[in-house]
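Chemist: Enclosed is the structure file upload.cif (mmCIF, C-alpha atoms and all ligand atoms).
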```
data_entry
loop_
_atom_site.group_PDB
_atom_site.id
_atom_site.type_symbol
_atom_site.label_atom_id
_atom_site.label_comp_id
_atom_site.auth_asym_id
_atom_site.auth_seq_id
_atom_site.Cartn_x
_atom_site.Cartn_y
_atom_site.Cartn_z
ATOM 1 C CA MET A 96 -34.372 -93.834 -52.428
ATOM 2 C CA GLU A 97 -32.457 -91.158 -54.334
ATOM 3 C CA LEU A 98 -34.444 -87.975 -54.930
ATOM 4 C CA LYS A 99 -33.884 -88.220 -58.697
ATOM 5 C CA THR A 100 -35.142 -91.811 -58.742
ATOM 6 C CA ALA A 101 -38.299 -90.893 -56.816
ATOM 7 C CA ILE A 102 -38.968 -87.956 -59.162
ATOM 8 C CA GLN A 103 -38.449 -90.035 -62.294
ATOM 9 C CA LYS A 104 -40.349 -93.102 -61.079
ATOM 10 C CA ARG A 105 -43.429 -91.255 -59.812
ATOM 11 C CA HIS A 106 -46.408 -91.741 -62.089
ATOM 12 C CA SER A 107 -50.182 -91.842 -61.955
ATOM 13 C CA THR A 108 -51.815 -95.147 -61.157
ATOM 14 C CA HIS A 109 -55.346 -96.060 -62.209
ATOM 15 C CA LYS A 110 -55.367 -99.670 -61.045
ATOM 16 C CA PHE A 111 -54.563 -100.888 -57.542
ATOM 17 C CA SER A 112 -53.723 -104.355 -56.236
ATOM 18 C CA SER A 113 -55.819 -105.784 -53.400
ATOM 19 C CA LYS A 114 -52.949 -105.375 -50.893
ATOM 20 C CA LYS A 115 -53.846 -102.840 -48.233
ATOM 21 C CA PRO A 116 -51.199 -100.231 -47.365
ATOM 22 C CA ASP A 117 -50.224 -99.512 -43.777
ATOM 23 C CA TRP A 118 -51.946 -96.206 -42.990
ATOM 24 C CA ARG A 119 -48.859 -95.115 -41.032
ATOM 25 C CA ASP A 120 -46.898 -95.012 -44.314
ATOM 26 C CA ILE A 121 -49.452 -92.499 -45.584
ATOM 27 C CA ILE A 122 -49.137 -90.371 -42.447
ATOM 28 C CA GLU A 123 -45.335 -90.472 -42.736
ATOM 29 C CA SER A 124 -45.677 -89.311 -46.349
ATOM 30 C CA LEU A 125 -47.939 -86.441 -45.300
ATOM 31 C CA ASP A 126 -45.233 -85.411 -42.869
ATOM 32 C CA TYR A 127 -43.031 -84.477 -45.857
ATOM 33 C CA SER A 128 -45.589 -81.869 -46.862
ATOM 34 C CA ARG A 129 -44.757 -79.750 -43.796
ATOM 35 C CA PHE A 130 -41.393 -78.899 -45.322
ATOM 36 C CA ALA A 131 -42.786 -77.294 -48.484
ATOM 37 C CA PRO A 132 -42.311 -73.551 -48.972
ATOM 38 C CA MET A 133 -45.338 -71.505 -47.856
ATOM 39 C CA ALA A 134 -45.823 -67.749 -48.395
ATOM 40 C CA GLY A 135 -44.992 -66.003 -45.103
ATOM 41 C CA ASP A 136 -44.422 -69.473 -43.657
ATOM 42 C CA ILE A 137 -48.195 -69.707 -43.158
ATOM 43 C CA TYR A 138 -49.159 -73.365 -43.607
ATOM 44 C CA ASN A 139 -52.732 -73.199 -44.866
ATOM 45 C CA LEU A 140 -53.169 -76.773 -46.068
ATOM 46 C CA LYS A 141 -55.053 -79.567 -44.275
ATOM 47 C CA TRP A 142 -55.188 -83.255 -45.143
ATOM 48 C CA ILE A 143 -58.059 -85.684 -44.586
ATOM 49 C CA LEU A 144 -57.262 -89.418 -44.526
ATOM 50 C CA ILE A 145 -60.265 -91.603 -45.349
ATOM 51 C CA GLU A 146 -60.604 -95.360 -44.886
ATOM 52 C CA ASP A 147 -64.397 -95.744 -44.790
ATOM 53 C CA LYS A 148 -65.455 -97.753 -47.893
ATOM 54 C CA GLU A 149 -68.807 -96.012 -48.208
ATOM 55 C CA LYS A 150 -67.232 -92.557 -48.166
ATOM 56 C CA ILE A 151 -64.617 -93.658 -50.690
ATOM 57 C CA GLN A 152 -67.359 -94.866 -53.011
ATOM 58 C CA LYS A 153 -69.269 -91.600 -52.691
ATOM 59 C CA ILE A 154 -66.150 -89.598 -53.456
ATOM 60 C CA ALA A 155 -65.434 -91.794 -56.506
ATOM 61 C CA LYS A 156 -68.933 -90.884 -57.698
ATOM 62 C CA ALA A 157 -68.367 -87.182 -57.016
ATOM 63 C CA ALA A 158 -65.268 -87.456 -59.201
ATOM 64 C CA GLN A 159 -67.015 -89.609 -61.829
ATOM 65 C CA GLN A 160 -63.957 -91.897 -61.790
ATOM 66 C CA ASN A 161 -64.783 -95.449 -60.769
ATOM 67 C CA PHE A 162 -61.229 -96.630 -60.183
ATOM 68 C CA ILE A 163 -61.037 -94.356 -57.111
ATOM 69 C CA ALA A 164 -63.451 -96.700 -55.326
ATOM 70 C CA THR A 165 -60.933 -99.541 -55.588
ATOM 71 C CA ALA A 166 -58.384 -97.747 -53.367
ATOM 72 C CA HIS A 167 -58.091 -98.720 -49.699
ATOM 73 C CA TYR A 168 -57.411 -95.145 -48.644
ATOM 74 C CA LEU A 169 -58.081 -91.654 -49.914
ATOM 75 C CA VAL A 170 -56.327 -88.479 -48.941
ATOM 76 C CA VAL A 171 -58.065 -85.178 -49.620
ATOM 77 C CA ALA A 172 -55.974 -81.992 -49.677
ATOM 78 C CA CYS A 173 -57.806 -78.837 -48.553
ATOM 79 C CA SER A 174 -56.586 -75.249 -48.388
ATOM 80 C CA GLU A 175 -57.747 -72.519 -46.073
ATOM 81 C CA PRO A 176 -57.085 -69.539 -48.390
ATOM 82 C CA LYS A 177 -58.187 -66.903 -45.890
ATOM 83 C CA LEU A 178 -55.079 -67.464 -43.779
ATOM 84 C CA THR A 179 -52.862 -66.404 -46.677
ATOM 85 C CA VAL A 180 -55.309 -63.818 -48.074
ATOM 86 C CA ASN A 181 -55.331 -62.099 -44.655
ATOM 87 C CA ALA A 182 -51.590 -61.621 -44.986
ATOM 88 C CA TYR A 183 -51.260 -60.905 -48.720
ATOM 89 C CA GLY A 184 -54.672 -59.779 -50.004
ATOM 90 C CA GLU A 185 -55.887 -61.053 -53.377
ATOM 91 C CA ARG A 186 -52.455 -62.479 -54.243
ATOM 92 C CA GLY A 187 -52.928 -64.865 -51.355
ATOM 93 C CA GLU A 188 -55.319 -66.871 -53.557
ATOM 94 C CA LYS A 189 -52.538 -67.449 -56.077
ATOM 95 C CA TYR A 190 -50.032 -68.294 -53.352
ATOM 96 C CA THR A 191 -52.494 -70.790 -51.860
ATOM 97 C CA ARG A 192 -52.688 -72.709 -55.135
ATOM 98 C CA GLN A 193 -48.959 -72.669 -55.685
ATOM 99 C CA GLN A 194 -47.994 -73.824 -52.214
ATOM 100 C CA ALA A 195 -50.607 -76.575 -52.243
ATOM 101 C CA GLY A 196 -48.874 -77.905 -55.374
ATOM 102 C CA ALA A 197 -45.470 -77.771 -53.676
ATOM 103 C CA ALA A 198 -46.748 -79.600 -50.580
ATOM 104 C CA ILE A 199 -48.566 -82.170 -52.717
ATOM 105 C CA GLN A 200 -45.431 -82.959 -54.714
ATOM 106 C CA ASN A 201 -43.510 -83.608 -51.470
ATOM 107 C CA PHE A 202 -46.305 -85.980 -50.463
ATOM 108 C CA LEU A 203 -46.254 -87.769 -53.828
ATOM 109 C CA LEU A 204 -42.493 -88.291 -53.688
ATOM 110 C CA ALA A 205 -42.736 -89.657 -50.150
ATOM 111 C CA LEU A 206 -45.405 -92.139 -51.278
ATOM 112 C CA GLU A 207 -43.134 -93.162 -54.151
ATOM 113 C CA GLU A 208 -40.273 -93.715 -51.690
ATOM 114 C CA ARG A 209 -42.520 -96.132 -49.764
ATOM 115 C CA GLY A 210 -43.572 -98.033 -52.891
ATOM 116 C CA LEU A 211 -47.115 -96.654 -52.721
ATOM 117 C CA ALA A 212 -49.101 -95.562 -55.749
ATOM 118 C CA THR A 213 -51.636 -92.819 -56.336
ATOM 119 C CA CYS A 214 -53.160 -90.504 -58.904
ATOM 120 C CA TRP A 215 -53.693 -86.770 -58.478
ATOM 121 C CA ILE A 216 -57.435 -86.268 -58.920
ATOM 122 C CA GLY A 217 -58.464 -82.717 -59.762
ATOM 123 C CA HIS A 218 -61.768 -83.433 -61.470
ATOM 124 C CA PHE A 219 -64.692 -83.676 -59.015
ATOM 125 C CA VAL A 220 -67.843 -81.857 -58.013
ATOM 126 C CA ASP A 221 -66.623 -79.715 -55.138
ATOM 127 C CA ASN A 222 -69.857 -79.332 -53.208
ATOM 128 C CA GLN A 223 -70.506 -83.073 -53.266
ATOM 129 C CA ILE A 224 -67.179 -83.788 -51.568
ATOM 130 C CA GLN A 225 -67.798 -80.872 -49.200
ATOM 131 C CA ASN A 226 -71.041 -82.530 -48.096
ATOM 132 C CA ILE A 227 -69.563 -86.008 -47.763
ATOM 133 C CA LEU A 228 -66.689 -84.780 -45.564
ATOM 134 C CA HIS A 229 -68.426 -81.830 -43.806
ATOM 135 C CA ILE A 230 -65.954 -79.362 -45.273
ATOM 136 C CA PRO A 231 -66.981 -75.697 -44.743
ATOM 137 C CA GLY A 232 -67.596 -73.440 -47.768
ATOM 138 C CA ASP A 233 -64.515 -71.251 -47.216
ATOM 139 C CA ILE A 234 -62.207 -74.254 -47.546
ATOM 140 C CA GLU A 235 -60.899 -75.096 -51.012
ATOM 141 C CA ILE A 236 -60.635 -78.766 -51.970
ATOM 142 C CA GLU A 237 -57.379 -78.910 -53.901
ATOM 143 C CA ALA A 238 -57.209 -82.566 -54.863
ATOM 144 C CA VAL A 239 -58.072 -86.134 -53.997
ATOM 145 C CA PHE A 240 -55.510 -88.960 -53.837
ATOM 146 C CA PRO A 241 -56.601 -92.608 -53.946
ATOM 147 C CA ILE A 242 -53.759 -94.612 -52.425
ATOM 148 C CA GLY A 243 -52.732 -98.240 -52.736
ATOM 149 C CA TYR A 244 -50.173 -100.527 -54.298
ATOM 150 C CA GLU A 245 -50.095 -100.530 -58.063
ATOM 151 C CA TYR A 246 -51.506 -103.570 -59.811
ATOM 152 C CA PRO A 247 -48.402 -105.321 -61.159
ATOM 153 C CA GLY A 248 -47.395 -105.133 -64.787
ATOM 154 C CA ILE A 249 -49.726 -102.411 -66.025
ATOM 155 C CA HIS A 250 -47.541 -99.326 -65.961
ATOM 156 C CA ARG A 251 -46.006 -98.226 -69.228
ATOM 157 C CA ARG A 252 -43.562 -95.352 -68.848
ATOM 158 C CA LYS A 253 -44.736 -92.172 -70.564
ATOM 159 C CA ARG A 254 -42.379 -90.057 -72.590
ATOM 160 C CA LYS A 255 -41.945 -86.745 -70.813
ATOM 161 C CA ILE A 256 -41.570 -83.415 -72.536
ATOM 162 C CA GLU A 257 -37.992 -82.500 -73.473
ATOM 163 C CA LEU A 258 -36.259 -79.780 -71.480
ATOM 164 C CA ASP A 259 -35.390 -77.709 -74.555
ATOM 165 C CA ARG A 260 -39.105 -77.359 -75.367
ATOM 166 C CA ILE A 261 -39.853 -75.720 -72.033
ATOM 167 C CA THR A 262 -36.824 -73.539 -71.417
ATOM 168 C CA TYR A 263 -36.206 -70.025 -72.676
ATOM 169 C CA TYR A 264 -33.159 -67.888 -72.135
ATOM 170 C CA HIS A 265 -33.041 -64.247 -71.164
ATOM 171 C CA LYS A 266 -36.548 -63.538 -72.511
ATOM 172 C CA TRP A 267 -39.833 -65.168 -73.537
ATOM 173 C CA LYS A 268 -39.455 -67.450 -76.582
ATOM 174 C CA GLU A 269 -35.663 -67.089 -76.809
ATOM 175 C CA GLU A 270 -34.629 -70.703 -77.263
ATOM 176 C CA LYS A 271 -30.867 -70.361 -77.460
ATOM 177 C CA MET A 272 -28.452 -69.589 -74.681
ATOM 178 C CA ARG A 273 -26.603 -66.721 -76.314
ATOM 179 C CA ARG A 274 -23.830 -65.354 -74.230
ATOM 180 C CA PRO A 275 -22.969 -61.678 -74.511
ATOM 181 C CA PRO A 276 -19.682 -61.221 -76.414
ATOM 182 C CA GLU A 277 -16.573 -61.123 -74.239
ATOM 183 C CA PRO A 278 -15.387 -57.535 -73.754
ATOM 184 C CA ARG A 279 -12.298 -56.799 -75.841
ATOM 185 C CA ARG A 280 -9.108 -56.721 -73.896
ATOM 186 C CA ASN A 281 -6.853 -53.743 -74.479
ATOM 187 C CA ALA A 282 -3.672 -54.795 -76.267
HETATM 188 C C1 LIG B 1 -54.033 -80.622 -61.279
HETATM 189 C C2 LIG B 1 -54.126 -82.050 -61.772
HETATM 190 C C3 LIG B 1 -55.360 -82.635 -61.924
HETATM 191 C C4 LIG B 1 -55.465 -83.970 -62.338
HETATM 192 N N1 LIG B 1 -56.701 -84.568 -62.388
HETATM 193 C C5 LIG B 1 -56.779 -85.873 -62.752
HETATM 194 C C6 LIG B 1 -58.043 -86.533 -62.699
HETATM 195 O O1 LIG B 1 -59.075 -85.976 -62.303
HETATM 196 N N2 LIG B 1 -58.080 -87.851 -63.081
HETATM 197 C C7 LIG B 1 -56.950 -88.529 -63.489
HETATM 198 O O2 LIG B 1 -57.057 -89.715 -63.815
HETATM 199 N N3 LIG B 1 -55.741 -87.925 -63.514
HETATM 200 C C8 LIG B 1 -55.627 -86.619 -63.140
HETATM 201 N N4 LIG B 1 -54.406 -86.018 -63.100
HETATM 202 C C9 LIG B 1 -53.180 -86.803 -63.429
HETATM 203 C C10 LIG B 1 -52.593 -86.443 -64.783
HETATM 204 O O3 LIG B 1 -53.452 -86.884 -65.808
HETATM 205 C C11 LIG B 1 -51.198 -87.091 -64.889
HETATM 206 O O4 LIG B 1 -50.369 -86.535 -63.894
HETATM 207 C C12 LIG B 1 -50.585 -86.860 -66.265
HETATM 208 O O5 LIG B 1 -51.256 -87.608 -67.237
HETATM 209 C C13 LIG B 1 -49.102 -87.238 -66.280
HETATM 210 O O6 LIG B 1 -48.946 -88.599 -65.931
HETATM 211 P P1 LIG B 1 -48.013 -89.035 -64.722
HETATM 212 O O7 LIG B 1 -48.629 -88.512 -63.446
HETATM 213 O O8 LIG B 1 -48.015 -90.538 -64.778
HETATM 214 O O9 LIG B 1 -46.653 -88.434 -64.921
HETATM 215 C C14 LIG B 1 -54.284 -84.694 -62.667
HETATM 216 C C15 LIG B 1 -53.036 -84.094 -62.497
HETATM 217 C C16 LIG B 1 -52.945 -82.795 -62.035
HETATM 218 C C17 LIG B 1 -51.585 -82.186 -61.806
#
```
Could you quickly redo this structure as C-alpha cells?
Modeler:
Amino acid sequence: MELKTAIQKRHSTHKFSSKKPDWRDIIESLDYSRFAPMAGDIYNLKWILIEDKEKIQKIAKAAQQNFIATAHYLVVACSEPKLTVNAYGERGEKYTRQQAGAAIQNFLLALEERGLATCWIGHFVDNQIQNILHIPGDIEIEAVFPIGYEYPGIHRRKRKIELDRITYYHKWKEEKMRRPPEPRRNA
C-alpha cells in the first residue's frame, strides 16, 4: 500500500467484526515502531499484546468504553521515561511523549496496511490498567489500542482540517507566504 493511501485511509474504529486477526500481523505492525525517531536513539517504549478476554474486559471498564471489550486483541503502549530523562533531564519527559506518538503512528499505518482497524484510546484510569497488567509506577501508559477488523459499512469519512488553517509562514499567525522583494539589479 502506498504511504499516502495508508495515511489517508487510517481512521478510528469503534465497531469490530467477529473475525479474529492473526496476532502475527499485529507483531509485524509493532515492528514498524522500531524505526520511529527517538531522542538520542534511546527507545523507551514497550508494547503489551493482550488476548485474554477477561483482561480485555477489565481494561474496557478502566477506560469506560464498552466497545473495547469487543476487540479480539489489545495493545498497550508504555513508556519508560527515566531512560530519556537520565539523558536529557526534565526535557526527557517531553521527548518521551513526542516519540511515543511517532512510534504509535508508524504502528497505526502498519495496521492500516494489513487491513486491520483500531482506535487510539487515551482516556482510562491509569492505576487500574497498571494493576491489571502489573505495570510498575514509573512506567507511563501512553495509550491502549483495541484491534480487529472493522465492522463493514459503518465508516463515514470525516472531513479533515484544511492545510491553510494550520500553516503559518515566517512567524506565528502569518497566513500568507510573502516572499521578500527581489533585489534590484544594477542597470
Ligand atoms: C491522544 C489521543 C487520545 C484519544 N483517546 C480516545 C479515546 O479515549 N476514545 C476514543 O474513542 N477515541 C480516542 N481518540 C481518537 C480520536 O477521537 C480520533 O483520532 C479523532 O476523532 C479523529 O478521528 P480519526 O482517528 O478517525 O481520524 C484519541 C486520539 C488521540 C490522538
Chemist: May I ask which of the residues A:Ile151, A:Ala195, A:Leu144, A:Ile216 is the closest one to ligand LIG 1 (chain B), counting all atoms listed in the file?
Modeler: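 Of A:Ile151, A:Ala195, A:Leu144, A:Ile216, the one nearest ligand LIG 1 (chain B), counting all atoms listed in the file, is A:Ile216.
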Chemist: Pull out every residue that the PyMOL selection byres (((chain A and resi 175) around 6) and not hetatm) matches in the shown coordinates and put them as a list in words.
Modeler: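 Those residues are Asn139, Ser174, Pro176, Lys177 and Ile234 of chain A.
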Chemist: Selected residues, C-alpha atoms, written as a PDB file, in the frame of the given file, please.
Modeler:
```
ATOM      1  CA  ASN A 139     -52.732 -73.199 -44.866  1.00  0.00           C
ATOM      2  CA  SER A 174     -56.586 -75.249 -48.388  1.00  0.00           C
ATOM      3  CA  PRO A 176     -57.085 -69.539 -48.390  1.00  0.00           C
ATOM      4  CA  LYS A 177     -58.187 -66.903 -45.890  1.00  0.00           C
ATOM      5  CA  ILE A 234     -62.207 -74.254 -47.546  1.00  0.00           C
TER       6      ILE A 234
END
```
Chemist: Tell me, in Å to one decimal, how far atom CA of A:Pro241 is from atom CA of A:Cys214.
Modeler: 6.4 Å
Chemist: Any chance you could resolve the PyMOL selection byres (((chain A and resi 97-109) around 12) and not hetatm) against this file and give the residues as an NGL selection string?
Modeler: :A and (96 or 110-112 or 160-166 or 200-216 or 240-255)
Chemist: Let me have the centre and edge lengths in Å, one decimal, of the box along x, y and z around every listed atom of stretch 107-110 of chain A with 8 Å of margin on each side, as AutoDock Vina command-line options.
Modeler:
```
--center_x -52.8 --center_y -95.8 --center_z -61.6 --size_x 21.2 --size_y 23.8 --size_z 17.2
```
Chemist: Atom CA of A:Gln193 and atom CA of A:Ala238, how far apart in Å?
Modeler: 12.9 Å
Chemist: So, with all atoms listed in the file as the atoms that count, which of A:Asp136, A:Glu123, A:Glu146, A:Glu270 lies closest to A:Thr191?
Modeler: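 Ranked by minimum distance to A:Thr191, first place goes to A:Asp136.
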Chemist: Using the chain letters and numbers from the file, which residues does the PyMOL selection byres (((chain A and resi 153) around 12) and not hetatm) grab, as a VMD selection string?
Modeler: chain A and resid 145 147 to 152 154 to 161 163 to 165 169 219 to 220 223 to 228
Chemist: Smallest atom-to-atom distance to A:Ala197: which of A:Asp120, A:Glu277, A:Glu237, A:Glu269, using only C-alpha atoms?
Modeler: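 For A:Ala197, the nearest of the given residues is A:Glu237.
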Chemist: In Å to one decimal, how far is atom O5 of ligand LIG 1 (chain B) from atom CA of A:Gly217?
Modeler: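 These atoms are spaced 11.5 Å apart.
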